[in-house]
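S.K.: To be precise about what I am sending: the file is called protein.cif and holds mmCIF, C-alpha atoms and all ligand atoms.
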data_data
#
loop_
_atom_site.label_atom_id
_atom_site.label_comp_id
_atom_site.auth_asym_id
_atom_site.auth_seq_id
_atom_site.Cartn_x
_atom_site.Cartn_y
_atom_site.Cartn_z
CA MET A 1 -40.23 15.00 -52.73
CA THR A 2 -38.23 15.48 -55.90
CA ASN A 3 -38.37 13.56 -59.16
CA LYS A 4 -34.61 13.33 -59.63
CA THR A 5 -33.08 10.00 -60.58
CA LEU A 6 -29.78 8.36 -59.66
CA PHE A 7 -28.99 7.76 -63.32
CA GLU A 8 -29.15 11.31 -64.64
CA PRO A 9 -26.17 13.64 -65.17
CA TYR A 10 -25.15 15.89 -62.29
CA LYS A 11 -23.10 19.06 -62.30
CA LEU A 12 -20.29 19.03 -59.70
CA GLY A 13 -18.65 22.44 -59.92
CA SER A 14 -17.58 22.72 -63.55
CA LEU A 15 -17.66 18.94 -64.14
CA THR A 16 -20.62 17.07 -65.54
CA LEU A 17 -20.91 13.63 -63.96
CA SER A 18 -22.82 11.01 -65.94
CA ASN A 19 -24.84 9.86 -62.90
CA ARG A 20 -25.18 10.34 -59.13
CA ILE A 21 -23.33 7.18 -58.11
CA VAL A 22 -19.87 7.69 -56.60
CA MET A 23 -17.22 5.03 -56.08
CA ALA A 24 -16.09 5.55 -52.49
CA PRO A 25 -12.37 5.45 -51.62
CA LEU A 26 -11.28 1.84 -51.03
CA THR A 27 -7.92 0.81 -49.61
CA ARG A 28 -6.55 -2.16 -51.61
CA ASN A 29 -2.82 -2.32 -50.63
CA ARG A 30 -1.46 -3.16 -54.08
CA ALA A 31 0.98 -0.31 -54.77
CA GLY A 32 4.38 -1.40 -56.06
CA ALA A 33 7.86 -0.58 -54.77
CA GLY A 34 8.12 3.15 -54.04
CA PHE A 35 4.38 3.13 -53.24
CA ILE A 36 3.64 3.69 -56.93
CA PRO A 37 0.32 2.68 -58.53
CA GLY A 38 0.90 0.77 -61.76
CA GLU A 39 -0.84 -0.69 -64.80
CA LEU A 40 -2.95 -2.99 -62.64
CA ALA A 41 -4.39 -0.01 -60.75
CA ALA A 42 -5.11 1.72 -64.06
CA GLU A 43 -7.03 -1.35 -65.20
CA TYR A 44 -8.97 -1.56 -61.91
CA TYR A 45 -10.10 2.06 -62.03
CA ARG A 46 -10.79 1.89 -65.79
CA GLN A 47 -13.17 -1.03 -65.20
CA ARG A 48 -15.14 1.12 -62.73
CA ALA A 49 -15.18 4.34 -64.79
CA SER A 50 -18.96 4.32 -65.33
CA ALA A 51 -19.39 5.65 -61.80
CA GLY A 52 -20.38 9.33 -62.03
CA LEU A 53 -17.33 10.11 -59.89
CA LEU A 54 -14.53 7.84 -58.70
CA ILE A 55 -12.64 8.69 -55.55
CA SER A 56 -9.25 7.00 -55.36
CA GLU A 57 -8.10 4.83 -52.50
CA ALA A 58 -6.57 6.84 -49.65
CA THR A 59 -3.12 8.07 -50.73
CA GLN A 60 -0.45 9.27 -48.33
CA ILE A 61 0.83 12.82 -48.75
CA SER A 62 4.21 11.95 -47.21
CA GLN A 63 6.02 8.94 -45.82
CA GLN A 64 5.08 10.16 -42.34
CA GLY A 65 1.43 9.99 -43.45
CA GLN A 66 1.55 6.27 -44.29
CA GLY A 67 -0.02 3.75 -41.92
CA TYR A 68 -0.38 0.50 -43.86
CA GLN A 69 1.69 -1.72 -46.09
CA ASP A 70 1.63 -1.10 -49.88
CA THR A 71 -0.66 1.94 -49.96
CA PRO A 72 0.15 4.47 -52.72
CA GLY A 73 1.65 7.92 -52.25
CA ILE A 74 1.46 11.25 -54.09
CA TYR A 75 4.72 12.87 -52.95
CA SER A 76 7.32 11.58 -55.47
CA GLN A 77 7.61 12.17 -59.21
CA ALA A 78 7.40 8.41 -59.85
CA GLN A 79 4.09 8.31 -57.92
CA ILE A 80 2.73 11.22 -59.97
CA ASP A 81 3.74 9.38 -63.14
CA GLY A 82 2.06 6.18 -61.92
CA TRP A 83 -1.17 7.99 -61.09
CA ARG A 84 -1.16 9.62 -64.54
CA LYS A 85 -1.79 6.14 -66.03
CA VAL A 86 -4.84 5.82 -63.79
CA THR A 87 -6.35 9.21 -64.64
CA ALA A 88 -5.72 8.71 -68.37
CA ALA A 89 -7.46 5.33 -68.28
CA VAL A 90 -10.49 6.74 -66.45
CA HIS A 91 -10.75 9.81 -68.67
CA ALA A 92 -10.49 7.68 -71.82
CA LYS A 93 -13.68 5.93 -70.66
CA GLY A 94 -15.42 9.26 -69.95
CA GLY A 95 -15.08 8.98 -66.17
CA ARG A 96 -14.11 11.56 -63.57
CA ILE A 97 -11.73 10.90 -60.68
CA PHE A 98 -10.61 12.69 -57.50
CA LEU A 99 -7.58 11.63 -55.44
CA GLN A 100 -8.04 11.13 -51.69
CA LEU A 101 -5.27 12.89 -49.72
CA TRP A 102 -4.35 11.03 -46.54
CA HIS A 103 -2.26 11.46 -43.42
CA VAL A 104 -2.88 8.62 -40.95
CA GLY A 105 -1.41 10.39 -37.90
CA ARG A 106 -1.15 7.89 -35.04
CA VAL A 107 -2.61 4.95 -37.02
CA SER A 108 0.80 3.74 -38.12
CA HIS A 109 3.72 1.57 -37.18
CA VAL A 110 7.41 2.37 -36.68
CA ASP A 111 8.29 -0.05 -39.50
CA LEU A 112 6.54 2.27 -42.00
CA GLN A 113 8.15 5.47 -40.72
CA GLU A 114 11.45 7.01 -41.75
CA ASN A 115 14.29 5.59 -39.61
CA GLY A 116 11.75 3.74 -37.47
CA ALA A 117 10.44 6.99 -35.98
CA ALA A 118 7.31 7.14 -33.83
CA PRO A 119 4.11 8.02 -35.73
CA VAL A 120 2.77 11.52 -35.05
CA ALA A 121 -0.48 12.54 -33.37
CA PRO A 122 -2.20 15.52 -31.72
CA SER A 123 -1.34 13.98 -28.34
CA ALA A 124 0.80 11.03 -27.26
CA ILE A 125 -2.14 8.65 -26.89
CA ARG A 126 -1.93 5.30 -28.62
CA ALA A 127 -4.97 4.33 -30.71
CA GLU A 128 -6.85 1.17 -29.83
CA THR A 129 -6.54 -0.26 -33.32
CA LYS A 130 -4.41 -2.45 -35.52
CA THR A 131 -2.68 -1.84 -38.81
CA PHE A 132 -1.65 -4.15 -41.63
CA VAL A 133 2.15 -4.22 -41.86
CA ASN A 134 4.84 -6.88 -42.44
CA ASP A 135 2.10 -9.07 -43.98
CA GLY A 136 0.05 -9.22 -40.80
CA PHE A 137 -2.16 -7.27 -38.40
CA PHE A 138 -0.27 -5.58 -35.55
CA ASP A 139 -1.11 -3.02 -32.87
CA VAL A 140 -0.28 0.51 -34.01
CA SER A 141 2.84 2.05 -32.42
CA GLU A 142 2.99 4.51 -29.55
CA PRO A 143 2.80 8.00 -31.16
CA ARG A 144 4.48 11.26 -30.20
CA ALA A 145 2.63 14.58 -30.02
CA LEU A 146 3.32 16.99 -32.87
CA ALA A 147 5.08 20.21 -31.85
CA LEU A 148 3.25 23.41 -32.71
CA ASP A 149 5.95 24.40 -35.19
CA GLU A 150 5.52 21.14 -37.14
CA LEU A 151 1.92 21.83 -38.12
CA PRO A 152 2.65 24.28 -40.96
CA GLY A 153 4.78 21.55 -42.55
CA ILE A 154 1.84 19.14 -42.51
CA VAL A 155 -0.45 21.77 -44.05
CA ASN A 156 2.23 22.30 -46.67
CA ASP A 157 2.45 18.57 -47.42
CA PHE A 158 -1.31 18.54 -48.12
CA ARG A 159 -0.97 21.65 -50.32
CA GLN A 160 1.88 20.13 -52.34
CA ALA A 161 0.09 16.78 -52.63
CA ALA A 162 -2.97 18.57 -54.04
CA ALA A 163 -0.79 20.25 -56.67
CA ASN A 164 0.80 16.86 -57.44
CA ALA A 165 -2.66 15.32 -57.89
CA ILE A 166 -3.58 17.94 -60.45
CA ALA A 167 -0.23 17.36 -62.18
CA ALA A 168 -1.15 13.66 -62.34
CA GLY A 169 -4.38 14.50 -64.16
CA PHE A 170 -6.95 14.20 -61.36
CA ASP A 171 -10.14 16.26 -61.66
CA GLY A 172 -9.83 17.25 -58.00
CA VAL A 173 -8.94 16.00 -54.54
CA GLU A 174 -10.79 14.75 -51.49
CA ILE A 175 -9.16 15.62 -48.16
CA HIS A 176 -9.40 12.61 -45.83
CA GLY A 177 -10.89 14.17 -42.71
CA ALA A 178 -12.56 10.96 -41.55
CA ASN A 179 -12.12 7.55 -39.91
CA GLY A 180 -9.82 8.44 -37.04
CA TYR A 181 -6.86 9.58 -39.14
CA LEU A 182 -4.80 12.71 -38.46
CA LEU A 183 -7.34 15.47 -39.19
CA ASP A 184 -10.10 13.55 -37.41
CA GLN A 185 -7.73 12.87 -34.46
CA PHE A 186 -7.41 16.62 -33.99
CA ALA A 187 -11.19 17.13 -34.25
CA ARG A 188 -12.20 14.39 -31.78
CA ASP A 189 -11.57 15.05 -28.12
CA SER A 190 -10.71 11.43 -27.24
CA ALA A 191 -7.48 11.81 -29.25
CA ASN A 192 -6.70 15.50 -28.74
CA ARG A 193 -5.62 16.73 -25.30
CA ARG A 194 -3.63 19.72 -26.57
CA THR A 195 -3.64 22.98 -24.64
CA ASP A 196 -2.45 25.20 -27.52
CA ALA A 197 -4.45 26.78 -30.37
CA TYR A 198 -5.11 23.29 -31.85
CA GLY A 199 -6.80 21.72 -28.80
CA GLY A 200 -9.59 22.36 -26.32
CA SER A 201 -12.48 24.26 -27.92
CA VAL A 202 -14.52 23.17 -30.94
CA GLU A 203 -12.82 25.93 -32.95
CA ASN A 204 -9.32 24.91 -31.89
CA ARG A 205 -9.84 21.21 -32.64
CA ALA A 206 -11.17 22.09 -36.11
CA ARG A 207 -8.22 24.36 -36.87
CA LEU A 208 -5.85 21.90 -38.58
CA MET A 209 -8.58 20.42 -40.82
CA LEU A 210 -9.70 23.91 -41.84
CA GLU A 211 -6.16 25.15 -42.44
CA VAL A 212 -5.57 22.16 -44.70
CA ALA A 213 -8.83 22.82 -46.58
CA ALA A 214 -7.96 26.51 -47.01
CA ALA A 215 -4.46 25.68 -48.26
CA VAL A 216 -5.76 23.15 -50.79
CA VAL A 217 -8.43 25.60 -51.99
CA GLU A 218 -5.81 28.30 -52.37
CA LYS A 219 -3.58 25.93 -54.36
CA ILE A 220 -6.02 24.17 -56.74
CA GLY A 221 -9.35 26.02 -56.35
CA ALA A 222 -12.55 25.38 -54.38
CA GLU A 223 -14.24 23.70 -57.36
CA ARG A 224 -11.64 20.94 -57.22
CA THR A 225 -11.62 20.48 -53.43
CA GLY A 226 -13.86 18.10 -51.49
CA ILE A 227 -13.55 16.56 -48.02
CA ARG A 228 -14.67 13.38 -46.29
CA ILE A 229 -15.84 13.43 -42.67
CA SER A 230 -17.27 10.77 -40.32
CA PRO A 231 -18.73 12.69 -37.36
CA VAL A 232 -19.84 9.72 -35.25
CA SER A 233 -17.66 6.91 -36.53
CA PRO A 234 -15.58 5.10 -33.89
CA ALA A 235 -13.17 3.99 -36.63
CA ASN A 236 -9.60 3.64 -35.40
CA GLY A 237 -10.53 4.32 -31.80
CA VAL A 238 -11.77 7.94 -31.83
CA SER A 239 -14.81 9.39 -30.06
CA SER A 240 -16.25 12.83 -29.33
CA SER A 241 -18.18 14.33 -26.45
CA ASP A 242 -19.62 17.02 -28.75
CA ALA A 243 -19.85 15.63 -32.30
CA GLN A 244 -22.85 17.72 -33.36
CA ALA A 245 -21.34 21.03 -32.27
CA GLN A 246 -17.94 20.04 -33.66
CA PHE A 247 -19.14 19.06 -37.12
CA ASP A 248 -21.82 21.77 -37.42
CA TYR A 249 -18.97 24.25 -36.91
CA ILE A 250 -16.62 22.46 -39.33
CA VAL A 251 -19.26 22.33 -42.05
CA ASP A 252 -20.15 26.02 -41.60
CA GLN A 253 -16.49 26.89 -42.12
CA LEU A 254 -16.12 24.53 -45.10
CA ASN A 255 -19.19 26.18 -46.59
CA SER A 256 -17.54 29.60 -46.23
CA LEU A 257 -14.48 28.25 -48.05
CA GLY A 258 -16.75 27.29 -50.95
CA ILE A 259 -15.39 23.74 -51.39
CA VAL A 260 -17.30 21.69 -53.93
CA TYR A 261 -18.48 18.82 -51.74
CA ILE A 262 -18.65 17.24 -48.33
CA HIS A 263 -18.65 13.44 -48.31
CA VAL A 264 -20.28 12.24 -45.12
CA VAL A 265 -19.93 8.78 -43.59
CA GLU A 266 -23.32 8.50 -41.89
CA GLY A 267 -22.69 6.21 -38.88
CA ALA A 268 -19.91 3.77 -38.10
CA THR A 269 -17.66 3.39 -41.15
CA GLY A 270 -18.65 0.19 -42.93
CA GLY A 271 -21.05 -0.61 -40.10
CA SER A 272 -24.26 0.56 -38.45
CA ARG A 273 -25.92 3.79 -39.59
CA ASP A 274 -27.39 4.20 -36.07
CA VAL A 275 -24.29 4.23 -33.94
CA ALA A 276 -25.03 7.50 -32.09
CA PRO A 277 -27.67 10.24 -32.17
CA PHE A 278 -26.62 12.79 -34.79
CA ASP A 279 -28.56 15.09 -37.12
CA PHE A 280 -26.95 14.66 -40.55
CA GLY A 281 -29.71 16.89 -41.95
CA SER A 282 -28.06 19.74 -40.05
CA LEU A 283 -24.89 19.26 -42.16
CA ARG A 284 -26.98 19.00 -45.33
CA ARG A 285 -28.77 22.29 -44.54
CA ARG A 286 -25.58 24.17 -43.59
CA PHE A 287 -23.60 23.18 -46.69
CA LYS A 288 -24.68 24.86 -49.94
CA ASN A 289 -22.67 22.82 -52.46
CA THR A 290 -22.80 19.07 -53.04
CA TYR A 291 -23.56 16.59 -50.25
CA ILE A 292 -22.28 13.05 -50.93
CA ALA A 293 -23.86 10.48 -48.62
CA ASN A 294 -22.08 7.23 -47.73
CA ASN A 295 -22.45 4.17 -45.55
CA GLY A 296 -24.71 1.19 -46.02
CA TYR A 297 -26.54 2.52 -49.07
CA ASP A 298 -28.28 0.22 -51.51
CA LEU A 299 -30.47 1.10 -54.48
CA ASP A 300 -33.65 1.48 -52.41
CA LEU A 301 -32.12 3.65 -49.70
CA ALA A 302 -30.32 5.87 -52.21
CA THR A 303 -33.48 6.25 -54.29
CA SER A 304 -35.60 7.25 -51.31
CA ARG A 305 -32.99 9.59 -49.82
CA LEU A 306 -32.64 11.31 -53.21
CA ALA A 307 -36.42 11.70 -53.48
CA GLU A 308 -36.37 13.32 -50.01
CA ASP A 309 -33.49 15.58 -51.15
CA LYS A 310 -31.28 14.35 -48.27
CA ALA A 311 -28.20 14.13 -50.52
CA ASP A 312 -27.08 14.88 -54.08
CA LEU A 313 -24.72 11.97 -54.71
CA PHE A 314 -24.40 8.51 -53.12
CA ALA A 315 -21.07 6.81 -52.55
CA PHE A 316 -20.91 3.00 -52.64
CA GLY A 317 -17.78 1.30 -51.33
CA ARG A 318 -17.56 -2.47 -51.03
CA PRO A 319 -20.20 -3.15 -53.76
CA PHE A 320 -17.76 -1.62 -56.27
CA ILE A 321 -15.09 -4.21 -55.44
CA ALA A 322 -17.01 -7.17 -56.88
CA ASN A 323 -19.16 -5.17 -59.33
CA PRO A 324 -17.05 -3.06 -61.69
CA ASP A 325 -20.27 -2.22 -63.58
CA LEU A 326 -22.20 -1.39 -60.40
CA VAL A 327 -23.99 1.56 -62.06
CA GLU A 328 -25.28 -0.59 -64.92
CA ARG A 329 -26.35 -3.34 -62.50
CA LEU A 330 -28.25 -0.94 -60.25
CA GLU A 331 -29.96 0.66 -63.24
CA ALA A 332 -30.96 -2.76 -64.65
CA GLY A 333 -32.02 -4.12 -61.25
CA ALA A 334 -29.49 -6.90 -61.82
CA PRO A 335 -28.11 -9.03 -58.97
CA LEU A 336 -24.87 -7.94 -57.32
CA ALA A 337 -21.82 -10.17 -57.01
CA GLN A 338 -20.45 -10.74 -53.49
CA VAL A 339 -16.94 -9.73 -52.52
CA ASN A 340 -14.35 -12.27 -51.39
CA PRO A 341 -13.06 -10.80 -48.09
CA ALA A 342 -9.76 -12.70 -48.40
CA THR A 343 -8.62 -10.66 -51.42
CA ILE A 344 -9.65 -7.13 -50.40
CA TYR A 345 -6.29 -6.06 -48.94
CA GLY A 346 -3.07 -6.88 -50.75
CA GLY A 347 -2.16 -9.32 -53.51
CA GLY A 348 -2.39 -8.89 -57.27
CA ALA A 349 -5.05 -9.19 -59.97
CA VAL A 350 -7.03 -11.89 -58.15
CA GLY A 351 -9.94 -10.23 -56.34
CA TYR A 352 -8.94 -6.90 -57.89
CA THR A 353 -9.30 -6.78 -61.69
CA ASP A 354 -10.86 -10.21 -62.27
CA TYR A 355 -14.45 -9.53 -61.14
CA PRO A 356 -16.39 -9.62 -64.43
CA ALA A 357 -18.98 -7.15 -65.65
CA ILE A 358 -22.42 -8.70 -65.91
CA ALA A 359 -22.46 -9.01 -69.71
CA ALA A 360 -19.23 -10.98 -69.51
CA SER A 361 -20.33 -13.14 -66.57
CA ARG A 362 -23.55 -14.14 -68.43
CA SER A 363 -21.78 -15.28 -71.59
C1 LIG B 1 -9.51 -0.04 -44.54
C2 LIG B 1 -8.23 -0.47 -44.33
C3 LIG B 1 -7.21 0.45 -44.28
C4 LIG B 1 -7.48 1.81 -44.43
C5 LIG B 1 -10.27 4.33 -44.21
C6 LIG B 1 -8.26 4.47 -45.51
O1 LIG B 1 -10.94 3.70 -43.38
C7 LIG B 1 -9.06 3.70 -44.81
C8 LIG B 1 -8.78 2.24 -44.64
C9 LIG B 1 -9.79 1.31 -44.70
O2 LIG B 1 -10.55 5.49 -44.52
#
Would you kindly transcribe this structure into structure tokens?
M.R.:
Amino acid sequence: MTNKTLFEPYKLGSLTLSNRIVMAPLTRNRAGAGFIPGELAAEYYRQRASAGLLISEATQISQQGQGYQDTPGIYSQAQIDGWRKVTAAVHAKGGRIFLQLWHVGRVSHVDLQENGAAPVAPSAIRAETKTFVNDGFFDVSEPRALALDELPGIVNDFRQAAANAIAAGFDGVEIHGANGYLLDQFARDSANRRTDAYGGSVENRARLMLEVAAAVVEKIGAERTGIRISPVSPANGVSSSDAQAQFDYIVDQLNSLGIVYIHVVEGATGGSRDVAPFDFGSLRRRFKNTYIANNGYDLDLATSRLAEDKADLFAFGRPFIANPDLVERLEAGAPLAQVNPATIYGGGAVGYTDYPAIAASRS
């Protein structure tokens, strides 16, 4: 047992976070034309800046990496300029913010791709999932398998996007290695049938994720590089026959790279924590830097898991949508507001920047 508390400062690399509560990445589909975050996004993140660390919504590193309508990018100068408003707003309130770097792989639709091209994937296997596009939910498109000589370009897109994030004022980046998107598609054997150096063995399936991590570390430094993984999540139609071996190996290699954190979705993303047998303690023990735990946490679970030293930081997702002052509410034992599911994805200020802080909602 430890006597740490959730509401004390925590040192993440060279940053001092004001508490151990993290705002998890949350897709909100409100980017403007050109996939640029604007003033409204700056206001949304500013309202939530009392989180010890904010992680931005998933942000595509290229047009090819986009899978949903109105998600922001980090590959054009106008996008960098838009994100600078967000980081300035958060920093002015004393907050810290990482950008989540995203390539969706096969979870996309031809209408989001350049010239209506097929989305890309480790193998030409369509995902059993839907995407939000053209103002509705549609089956994802049939993907094509990436050629071996295209993979360095994808690694390079992540590297450049990381540099762009730093140029936009972010404190660091989180590589999206979770939830059935491109890097997770390579890692999980249901989606990867390749017979080259990027398929087959545990080492080969981890290769693209680890090359991306190494490239980002080389570009912006290990202290500013984190990653999110979801070893047993069936999100977006992926599964593994060997999740423990796969993710034990990945985490050992990430540890050798010296990245500042792993952010682990424990269970089915946004669902059950007990979806499959898996020893998350094994990842915790292998990784020497910060372990961020996510999925289904509330104050009691986070408090007890911290006391047992099972994690350093705790990421809350949906509770942050309706509770901009979630940290203050948890600390005060105040009731939490409930989210309106109809306004999570897409739209404007309603259901985005109009959830009041508790002091305001009482008056
Ligand atoms: C919900 C809707 C669309 C995308 C993830 C980026 O699951 C997402 C996402 C979540 O990581």
S.K.: Please determine, counting all atoms listed in the file, which residue among A:Glu43, A:Glu174, A:Asp157, A:Asp111 has the shortest atom-to-atom distance to ligand LIG 1 (chain B).
M.R.: A:Glu174
S.K.: Pick out the residues no farther than 9 Å from ligand LIG 1 (chain B), counting only C-alpha atoms and all ligand atoms, and list them as an NGL selection string.
M.R.: :A and (25-29 or 57-59 or 67-68 or 71 or 102 or 104 or 131-132 or 176-181 or 235-236 or 269-270 or 345)
S.K.: Hey, which of A:Gly172, A:Gly82, A:Gly267, A:Pro341 ends up closest to Thr225 (chain A)? Count only C-alpha atoms.
M.R.: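 When distances to Thr225 (chain A) are compared using only C-alpha atoms, the smallest one comes from A:Gly172.
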S.K.: Go through A:Lys219, A:His91, A:Arg106, A:Arg305 and flag the residue nearest Arg159 (chain A), using all atoms listed in the file for the distances.
M.R.: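 Residue with the minimum atom-to-atom distance to Arg159 (chain A): A:Lys219.
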S.K.: Using all atoms of region 338-346 of chain A that appear in the file, construct an axis-aligned enclosing box with 6 Å of padding on every side and provide its centre coordinates and edge lengths in Å, rounded to one decimal, as lines of an AutoDock Vina configuration file.
M.R.:
center_x = -11.8
center_y = -9.4
center_z = -50.8
size_x = 29.4
size_y = 18.6
size_z = 17.4
S.K.: Using all atoms listed in the file, can you tell me which of A:Ile344, A:Val120, A:Leu313, A:Ala332 comes closest to Gly105 (chain A)?
M.R.: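 Using all atoms listed in the file, Gly105 (chain A) sits closest to A:Val120.
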S.K.: Write out as an mmCIF file with C-alpha atoms, in the coordinates of the input which residues come within 12 Å of Asn340 (chain A) when counting all atoms listed in the file, dropping same-chain ones fewer than 2 positions away.
M.R.:
data_model
loop_
_atom_site.group_PDB
_atom_site.id
_atom_site.type_symbol
_atom_site.label_atom_id
_atom_site.label_comp_id
_atom_site.auth_asym_id
_atom_site.auth_seq_id
_atom_site.Cartn_x
_atom_site.Cartn_y
_atom_site.Cartn_z
ATOM 1 C CA ARG A 318 -17.560 -2.470 -51.030
ATOM 2 C CA PRO A 319 -20.200 -3.150 -53.760
ATOM 3 C CA ILE A 321 -15.090 -4.210 -55.440
ATOM 4 C CA ALA A 322 -17.010 -7.170 -56.880
ATOM 5 C CA ASN A 323 -19.160 -5.170 -59.330
ATOM 6 C CA ALA A 337 -21.820 -10.170 -57.010
ATOM 7 C CA GLN A 338 -20.450 -10.740 -53.490
ATOM 8 C CA ALA A 342 -9.760 -12.700 -48.400
ATOM 9 C CA THR A 343 -8.620 -10.660 -51.420
ATOM 10 C CA ILE A 344 -9.650 -7.130 -50.400
ATOM 11 C CA TYR A 345 -6.290 -6.060 -48.940
ATOM 12 C CA VAL A 350 -7.030 -11.890 -58.150
ATOM 13 C CA GLY A 351 -9.940 -10.230 -56.340
ATOM 14 C CA TYR A 352 -8.940 -6.900 -57.890
ATOM 15 C CA ASP A 354 -10.860 -10.210 -62.270
ATOM 16 C CA TYR A 355 -14.450 -9.530 -61.140
#
S.K.: Could you check how far CA of Pro143 (chain A) sits from CA of Ala127 (chain A), in Å to one decimal?
M.R.: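 If I compute the distance from CA of Pro143 (chain A) to CA of Ala127 (chain A), I get 8.6 Å.
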S.K.: Enter the distance from CA of Asp252 (chain A) to CA of Ser62 (chain A), in Å, rounded to one decimal.
M.R.: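 These atoms are spaced 28.7 Å apart.
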S.K.: Would you please work out which residue, of A:Glu114, A:Ser50, A:Ala268, A:Ile36, is nearest to Ala357 (chain A) when using all atoms listed in the file?
M.R.: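 Using all atoms listed in the file, Ala357 (chain A) sits closest to A:Ser50.
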S.K.: Looking at all atoms listed in the file, which of A:Gly258, A:Pro324, A:Gly34, A:Gly136 is the one that sits closest to Ile227 (chain A)?
M.R.: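 Smallest distance to Ile227 (chain A) is found for A:Gly258.
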S.K.: Using CA of Ala302 (chain A) and CA of Leu6 (chain A) as the two end points, give the distance in Å to one decimal.
M.R.: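 Going from CA of Ala302 (chain A) over to CA of Leu6 (chain A) covers 7.9 Å.
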S.K.: Name the residues in contact with Ala222 (chain A) at a cut-off of 12 Å, using all atoms listed in the file, excluding same-chain residues fewer than 5 positions from it; report them as a PyMOL selection string.
M.R.: chain A and resi 12-14+162+171-174+213-217+227+254-262+289
S.K.: Asp279 (chain A): which residues within 12 Å, counting all atoms listed in the file, same-chain residues fewer than 5 positions away excluded, as a PyMOL selection string?
M.R.: chain A and resi 231-232+243-245+247-248+264+266-267+273-274+284-286+310
S.K.: Could region 237-248 of chain A be completed with N, CA, C and O atoms and written as a compact mmCIF listing (two decimals), keeping the file's coordinate frame, please?
M.R.:
# COMPACT_ATOMS: atom_id res chain seq x y z
N GLY A 237 -10.59 4.00 -33.23
CA GLY A 237 -10.53 4.32 -31.80
C GLY A 237 -10.74 5.78 -31.43
O GLY A 237 -10.23 6.22 -30.39
N VAL A 238 -11.48 6.55 -32.23
CA VAL A 238 -11.77 7.94 -31.83
C VAL A 238 -13.21 8.06 -31.35
O VAL A 238 -14.09 7.31 -31.75
N SER A 239 -13.45 9.06 -30.49
CA SER A 239 -14.81 9.39 -30.06
C SER A 239 -14.85 10.87 -29.71
O SER A 239 -13.80 11.50 -29.55
N SER A 240 -16.07 11.40 -29.61
CA SER A 240 -16.25 12.83 -29.33
C SER A 240 -17.30 13.00 -28.25
O SER A 240 -18.28 12.26 -28.22
N SER A 241 -17.14 14.00 -27.42
CA SER A 241 -18.18 14.33 -26.45
C SER A 241 -19.16 15.34 -27.04
O SER A 241 -20.21 15.60 -26.46
N ASP A 242 -18.81 15.92 -28.19
CA ASP A 242 -19.62 17.02 -28.75
C ASP A 242 -19.64 16.97 -30.27
O ASP A 242 -19.41 17.99 -30.93
N ALA A 243 -19.95 15.80 -30.84
CA ALA A 243 -19.85 15.63 -32.30
C ALA A 243 -20.74 16.61 -33.06
O ALA A 243 -20.31 17.15 -34.08
N GLN A 244 -21.95 16.84 -32.58
CA GLN A 244 -22.85 17.72 -33.36
C GLN A 244 -22.28 19.14 -33.43
O GLN A 244 -22.21 19.73 -34.51
N ALA A 245 -21.90 19.67 -32.28
CA ALA A 245 -21.34 21.03 -32.27
C ALA A 245 -20.07 21.10 -33.09
O ALA A 245 -19.83 22.05 -33.85
N GLN A 246 -19.22 20.07 -32.95
CA GLN A 246 -17.94 20.04 -33.66
C GLN A 246 -18.14 20.06 -35.17
O GLN A 246 -17.52 20.84 -35.90
N PHE A 247 -19.02 19.19 -35.66
CA PHE A 247 -19.14 19.06 -37.12
C PHE A 247 -20.09 20.09 -37.71
O PHE A 247 -19.93 20.46 -38.88
N ASP A 248 -21.04 20.61 -36.93
CA ASP A 248 -21.82 21.77 -37.42
C ASP A 248 -20.85 22.93 -37.68
O ASP A 248 -20.94 23.60 -38.72
